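Colleague: Below is the structure I would like to discuss, written out as structure tokens.
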Amino acid sequence: MKILHTADWHLGIDLHKVSLLEDQKYALWQIKKIVMEEDVDVIVIAGDVYDTTLASKEAIELYNRCMSMLCLELLKQVIVIAGNHDSAVRLATCAELLAPMGLHIYGKLEEKVKGLRIKDTMFYPIPYLHPAQVAQVYEQPCATQEEAFRIICEDIHLHKEKNLCHVAIAHAFIAGSSVCESDRFARVGGSDLVPATLFEEFDYVALGHLHRPQKVGEHVYYSGSLLPYSFSEAEQQKQVLLYDTCNQKVYARTIEPLHPLYVLKGSLSYLQQLRQVDDGYPQGYVKLQLLDVCVSYEMLTYFQEHYPGLLQLSGKNEQIKSKISLDVEQLDGLNDVNIVKRYFQDMFQETLCDEDIQLLQEGLSMLEEV
């Protein structure tokens with residue numbers, strides 16, 4: 001049997017207020033091609049199908065079309081678990097009705113984890129959970145993620161059948177994993193870390209939660225996110241993983257983005273000489289990082305004309321945050337005008353003239369009247 005492992009689709013997410021739905025559609029139809037080319041039997045989606053618990057109409061429609069394509073058109077089995085971004089209850093709506101059609105959805109942990117057998121493999125779907133849920137379901141004291149997964153895994157191994165391939169599916173933060181900027185809800189505190197050694201007795205562990213593709217244990221893998229969702233992921237090659245239960249082989253198939261991400265760094269004069277279309281960065285989304293000057297509105301307007309895909313412009317001001325002279329406590333003692341004056345002094349080394357202050361005061365007065 002061949003299993004395709006993917007996770008962290010985050011359907012409906014935007015990148016600096018630019019919708020990525022078309023990019024996600026482009027990536028999902030690449031998955032369809034891979035499923036057909038590799039003759040995949042089961043598709044595993046290890047959490048974070050959506051980016052928010054209240055997914056948009058367009059995101060839900062894209063999910064529905066993709067599931068219909070996989071289950072009804074290609075006649076494949078799909079296993080989905082809820083991640084921390086998903087609404088577990090909403091995601092698992094009509095789960096019992098959909099299971100006979102090949103779509104197996106696991107939302108909130110409300111009972112002990114049971115195996116789902118498909119051909120020669122037993123799958124153990126473990127949705128995103130809180131230790132209190134595990135304590136209630138398994139009737140054991142449980143205060144941390146490590147304790148939660150130890151309780152679950154011990155119970156699985158106590159009841160699992162022999163002579164089958166055993167695959168765990170989980171949405172968790174494994175100790176020692178590498179994180180990136182867009183793993184914004186992955187906590188680094190010790191109570192949320194799960195040791196990879198807890199999964200040693202499984203033949204394969206399909207993980208979601210972190211966006212960087214990586215192997216974190218003997219048979220423990222993060223497939224990574226469907227697309228790069230921050231510029232910190234610009235150089236990451238996105239992929240899906242395939243696991244063959246016959247020979248235990250694990251290999252990757254790449255997912256090409258519709259709009260690649262580029263981070264271009266340099267002086268103002270250097271970046272002014274480049275052009276997005278002419279210098280090898282067509283159809284991508286761009287972050288420009290000025291290393292010698294602060295950012296101004298005039299620069300933003302200029303670069304938007306020469307870089308059609310510009311989404312973020314940062315400058316020297318981001319590197320001199322240590323020069324900010326105000327702290328949170330001092331803000332309480334300043335009025336709005338003085339806060340703005342201090343901001344311009346700290347960030348741009350500029351002193352507001354009387355005309356600027358008058359305009360600011362007039363604007364504040366208009367806001368108060370509203």
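The way I read the labels, and the way they are meant: chains A, B, ... in the order of the structure tokens, residue 1 as the first residue of every chain, and ligand 1 as the first ligand shown, with later ones counted on from there.
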At a cut-off of 8 Å, using only C-alpha atoms, what residues contact stretch 134-143 of chain A? Leave out same-chain residues fewer than 5 positions from it and give the result as a VMD selection string.
Modeller: chain A and resid 109 to 112 129 148 151 to 152
Colleague: Each residue of stretch 4-62 of chain A with at least one atom at most 10 Å from stretch 229-248 of chain A should appear once, together with its nearest atom pair and the corresponding distance in Å (one decimal); atoms considered: only C-alpha atoms; ordering: chain, then increasing residue number; output as CSV.
Modeller:
```
residue,atom,partner,partner_atom,distance
A:Leu4,CA,A:Leu242,CA,4.6
A:His5,CA,A:Leu241,CA,5.0
A:Thr6,CA,A:Val240,CA,5.3
A:Ala7,CA,A:Val240,CA,8.4
A:Trp9,CA,A:Tyr229,CA,9.8
A:His10,CA,A:Tyr229,CA,8.9
A:Ile13,CA,A:Tyr229,CA,8.1
A:Asp14,CA,A:Tyr229,CA,8.1
A:Leu15,CA,A:Tyr229,CA,6.6
A:His16,CA,A:Ser230,CA,8.9
A:Leu20,CA,A:Tyr229,CA,9.0
A:Ala27,CA,A:Gln239,CA,9.8
A:Ile31,CA,A:Val240,CA,8.0
A:Ile34,CA,A:Val240,CA,9.1
A:Val35,CA,A:Leu242,CA,9.7
A:Glu38,CA,A:Leu242,CA,8.7
A:Val40,CA,A:Leu242,CA,8.3
A:Asp41,CA,A:Asp244,CA,9.9
A:Val42,CA,A:Leu242,CA,9.9
A:Ile43,CA,A:Leu242,CA,9.3
A:Val44,CA,A:Leu241,CA,9.9
```
Colleague: Write out as a PyMOL selection string each polymer residue whose atoms come within 12 Å of A:Glu73, counting only C-alpha atoms; drop sequence neighbours fewer than 5 positions from it.
Modeller: chain A and resi 32+35-36+65-68+101-102
Colleague: Write the residues you've just listed into a file as an mmCIF file, in the first residue's frame, and include N, CA, C and O atoms for each of them.
Modeller:
```
data_model
loop_
_atom_site.group_PDB
_atom_site.id
_atom_site.type_symbol
_atom_site.label_atom_id
_atom_site.label_comp_id
_atom_site.auth_asym_id
_atom_site.auth_seq_id
_atom_site.Cartn_x
_atom_site.Cartn_y
_atom_site.Cartn_z
ATOM 1 N N LYS A 32 -3.316 15.894 -6.705
ATOM 2 C CA LYS A 32 -4.130 14.972 -7.508
ATOM 3 C C LYS A 32 -3.250 14.243 -8.529
ATOM 4 O O LYS A 32 -3.342 13.018 -8.701
ATOM 5 N N VAL A 35 -1.067 11.663 -6.748
ATOM 6 C CA VAL A 35 -1.875 10.503 -6.344
ATOM 7 C C VAL A 35 -2.084 9.561 -7.521
ATOM 8 O O VAL A 35 -1.977 8.332 -7.382
ATOM 9 N N MET A 36 -2.350 10.118 -8.675
ATOM 10 C CA MET A 36 -2.571 9.297 -9.856
ATOM 11 C C MET A 36 -1.281 8.655 -10.354
ATOM 12 O O MET A 36 -1.245 7.461 -10.674
ATOM 13 N N ARG A 65 -14.376 20.502 -2.808
ATOM 14 C CA ARG A 65 -14.023 20.058 -4.171
ATOM 15 C C ARG A 65 -12.853 19.089 -4.134
ATOM 16 O O ARG A 65 -12.834 18.099 -4.883
ATOM 17 N N CYS A 66 -11.896 19.367 -3.275
ATOM 18 C CA CYS A 66 -10.717 18.493 -3.190
ATOM 19 C C CYS A 66 -11.094 17.116 -2.639
ATOM 20 O O CYS A 66 -10.646 16.088 -3.163
ATOM 21 N N MET A 67 -11.929 17.084 -1.603
ATOM 22 C CA MET A 67 -12.349 15.797 -1.039
ATOM 23 C C MET A 67 -13.196 15.003 -2.042
ATOM 24 O O MET A 67 -13.062 13.776 -2.153
ATOM 25 N N SER A 68 -14.041 15.696 -2.781
ATOM 26 C CA SER A 68 -14.843 15.022 -3.809
ATOM 27 C C SER A 68 -13.953 14.439 -4.885
ATOM 28 O O SER A 68 -14.173 13.314 -5.365
ATOM 29 N N MET A 101 -17.969 6.664 2.278
ATOM 30 C CA MET A 101 -17.543 7.179 0.977
ATOM 31 C C MET A 101 -16.028 7.302 0.875
ATOM 32 O O MET A 101 -15.496 7.731 -0.146
ATOM 33 N N GLY A 102 -15.321 6.957 1.968
ATOM 34 C CA GLY A 102 -13.864 6.978 1.944
ATOM 35 C C GLY A 102 -13.239 8.164 2.634
ATOM 36 O O GLY A 102 -12.015 8.284 2.648
#
```
Colleague: According to DSSP computed on the backbone, where in stretch 127-165 of chain A is there helix (DSSP H, G or I)? Give the residues as a PyMOL selection string.
Modeller: chain A and resi 131-138+145-159
Colleague: Output N, CA, C and O atoms for every residue in the selection just made, as a short mmCIF file (atom, residue, chain, number, x, y, z; two decimals), in the first residue's frame.
Modeller:
```
data_model
loop_
_atom_site.label_atom_id
_atom_site.label_comp_id
_atom_site.auth_asym_id
_atom_site.auth_seq_id
_atom_site.Cartn_x
_atom_site.Cartn_y
_atom_site.Cartn_z
N PRO A 131 -4.22 18.12 27.30
CA PRO A 131 -4.06 17.08 28.32
C PRO A 131 -5.34 16.80 29.11
O PRO A 131 -5.61 15.66 29.48
N ALA A 132 -6.15 17.83 29.35
CA ALA A 132 -7.38 17.63 30.12
C ALA A 132 -8.34 16.69 29.40
O ALA A 132 -9.07 15.91 30.05
N GLN A 133 -8.35 16.74 28.07
CA GLN A 133 -9.21 15.83 27.31
C GLN A 133 -8.76 14.39 27.50
O GLN A 133 -9.58 13.48 27.66
N VAL A 134 -7.46 14.19 27.47
CA VAL A 134 -6.90 12.84 27.63
C VAL A 134 -7.19 12.33 29.04
O VAL A 134 -7.55 11.16 29.23
N ALA A 135 -7.05 13.20 30.02
CA ALA A 135 -7.34 12.80 31.41
C ALA A 135 -8.78 12.34 31.56
O ALA A 135 -9.06 11.35 32.26
N GLN A 136 -9.69 13.02 30.89
CA GLN A 136 -11.10 12.66 30.99
C GLN A 136 -11.41 11.38 30.24
O GLN A 136 -12.11 10.49 30.76
N VAL A 137 -10.90 11.25 29.03
CA VAL A 137 -11.21 10.09 28.19
C VAL A 137 -10.57 8.82 28.74
O VAL A 137 -11.20 7.75 28.78
N TYR A 138 -9.30 8.92 29.16
CA TYR A 138 -8.57 7.73 29.60
C TYR A 138 -8.63 7.54 31.11
O TYR A 138 -8.07 6.55 31.62
N GLN A 145 1.52 17.57 27.39
CA GLN A 145 1.40 16.89 26.10
C GLN A 145 2.18 15.58 26.11
O GLN A 145 1.73 14.57 25.55
N GLU A 146 3.34 15.57 26.73
CA GLU A 146 4.13 14.33 26.80
C GLU A 146 3.35 13.24 27.53
O GLU A 146 3.28 12.09 27.05
N GLU A 147 2.74 13.57 28.65
CA GLU A 147 1.94 12.58 29.39
C GLU A 147 0.75 12.13 28.55
O GLU A 147 0.40 10.94 28.55
N ALA A 148 0.13 13.07 27.84
CA ALA A 148 -1.03 12.74 27.02
C ALA A 148 -0.67 11.72 25.94
O ALA A 148 -1.36 10.70 25.77
N PHE A 149 0.41 11.96 25.23
CA PHE A 149 0.79 11.05 24.16
C PHE A 149 1.33 9.73 24.70
O PHE A 149 1.18 8.69 24.06
N ARG A 150 1.95 9.75 25.86
CA ARG A 150 2.41 8.50 26.45
C ARG A 150 1.21 7.61 26.80
O ARG A 150 1.21 6.41 26.53
N ILE A 151 0.18 8.21 27.39
CA ILE A 151 -1.03 7.45 27.74
C ILE A 151 -1.68 6.88 26.49
O ILE A 151 -2.06 5.69 26.44
N ILE A 152 -1.81 7.68 25.46
CA ILE A 152 -2.46 7.23 24.22
C ILE A 152 -1.66 6.12 23.55
O ILE A 152 -2.21 5.09 23.15
N CYS A 153 -0.36 6.33 23.42
CA CYS A 153 0.48 5.34 22.73
C CYS A 153 0.54 4.02 23.49
O CYS A 153 0.51 2.94 22.88
N GLU A 154 0.63 4.08 24.80
CA GLU A 154 0.65 2.84 25.59
C GLU A 154 -0.64 2.07 25.41
O GLU A 154 -0.63 0.83 25.31
N ASP A 155 -1.75 2.77 25.37
CA ASP A 155 -3.04 2.10 25.19
C ASP A 155 -3.14 1.49 23.79
O ASP A 155 -3.66 0.37 23.62
N ILE A 156 -2.63 2.19 22.78
CA ILE A 156 -2.64 1.65 21.41
C ILE A 156 -1.83 0.37 21.34
O ILE A 156 -2.29 -0.64 20.78
N HIS A 157 -0.63 0.42 21.89
CA HIS A 157 0.26 -0.75 21.80
C HIS A 157 -0.30 -1.94 22.60
O HIS A 157 -0.03 -3.10 22.27
N LEU A 158 -1.09 -1.65 23.60
CA LEU A 158 -1.67 -2.71 24.41
C LEU A 158 -2.70 -3.51 23.63
O LEU A 158 -2.87 -4.72 23.85
N HIS A 159 -3.35 -2.85 22.66
CA HIS A 159 -4.46 -3.49 21.96
C HIS A 159 -4.19 -3.73 20.46
O HIS A 159 -5.05 -4.29 19.77
#
```
Colleague: Return as a compact mmCIF listing (two decimals) with C-alpha atoms, in the first residue's frame the full set of residues in stretch 51-98 of chain A whose backbone-based DSSP assignment is strand (DSSP E).
Modeller:
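Contents of states-v3.txt, as written:
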```txt
# COMPACT_ATOMS: atom_id res chain seq x y z
CA GLN A 77 -9.37 6.68 1.08
CA VAL A 78 -8.69 9.96 2.92
CA ILE A 79 -7.96 10.36 6.64
CA VAL A 80 -8.20 13.85 8.14
CA ILE A 81 -7.46 14.91 11.71
```
Colleague: Could you name the residues that touch A:Ile60 at 9 Å or less, counting only C-alpha atoms, but leaving out those on the same chain fewer than 3 positions away, as a PDB file with N, CA, C and O atoms, in the first residue's frame?
Modeller:
```pdb
ATOM      1  N   LEU A  11      -6.145  26.363   4.488  1.00  0.00           N
ATOM      2  CA  LEU A  11      -7.004  26.917   3.447  1.00  0.00           C
ATOM      3  C   LEU A  11      -7.648  28.218   3.927  1.00  0.00           C
ATOM      4  O   LEU A  11      -8.168  28.299   5.037  1.00  0.00           O
ATOM      5  N   GLY A  12      -7.588  29.235   3.069  1.00  0.00           N
ATOM      6  CA  GLY A  12      -8.152  30.533   3.405  1.00  0.00           C
ATOM      7  C   GLY A  12      -7.154  31.533   3.950  1.00  0.00           C
ATOM      8  O   GLY A  12      -7.508  32.690   4.196  1.00  0.00           O
ATOM      9  N   TYR A  50      -7.805  24.080   7.678  1.00  0.00           N
ATOM     10  CA  TYR A  50      -8.140  25.492   7.526  1.00  0.00           C
ATOM     11  C   TYR A  50      -7.188  26.351   8.343  1.00  0.00           C
ATOM     12  O   TYR A  50      -6.511  25.875   9.254  1.00  0.00           O
ATOM     13  N   ALA A  55     -13.752  29.186   9.026  1.00  0.00           N
ATOM     14  CA  ALA A  55     -13.224  29.243   7.664  1.00  0.00           C
ATOM     15  C   ALA A  55     -14.182  29.978   6.735  1.00  0.00           C
ATOM     16  O   ALA A  55     -15.401  29.944   6.918  1.00  0.00           O
ATOM     17  N   SER A  56     -13.624  30.622   5.736  1.00  0.00           N
ATOM     18  CA  SER A  56     -14.439  31.363   4.777  1.00  0.00           C
ATOM     19  C   SER A  56     -15.198  30.410   3.855  1.00  0.00           C
ATOM     20  O   SER A  56     -14.856  29.228   3.723  1.00  0.00           O
ATOM     21  N   LYS A  57     -16.228  30.940   3.231  1.00  0.00           N
ATOM     22  CA  LYS A  57     -17.027  30.168   2.278  1.00  0.00           C
ATOM     23  C   LYS A  57     -16.139  29.614   1.168  1.00  0.00           C
ATOM     24  O   LYS A  57     -16.269  28.453   0.760  1.00  0.00           O
ATOM     25  N   TYR A  63     -12.034  22.987  -0.088  1.00  0.00           N
ATOM     26  CA  TYR A  63     -11.891  21.714   0.644  1.00  0.00           C
ATOM     27  C   TYR A  63     -12.889  20.684   0.121  1.00  0.00           C
ATOM     28  O   TYR A  63     -12.540  19.525  -0.141  1.00  0.00           O
ATOM     29  N   ASN A  64     -14.139  21.096  -0.057  1.00  0.00           N
ATOM     30  CA  ASN A  64     -15.167  20.175  -0.537  1.00  0.00           C
ATOM     31  C   ASN A  64     -14.834  19.627  -1.922  1.00  0.00           C
ATOM     32  O   ASN A  64     -14.986  18.425  -2.183  1.00  0.00           O
ATOM     33  N   ARG A  65     -14.376  20.502  -2.808  1.00  0.00           N
ATOM     34  CA  ARG A  65     -14.023  20.058  -4.171  1.00  0.00           C
ATOM     35  C   ARG A  65     -12.853  19.089  -4.134  1.00  0.00           C
ATOM     36  O   ARG A  65     -12.834  18.099  -4.883  1.00  0.00           O
TER      37      ARG A  65
END
```
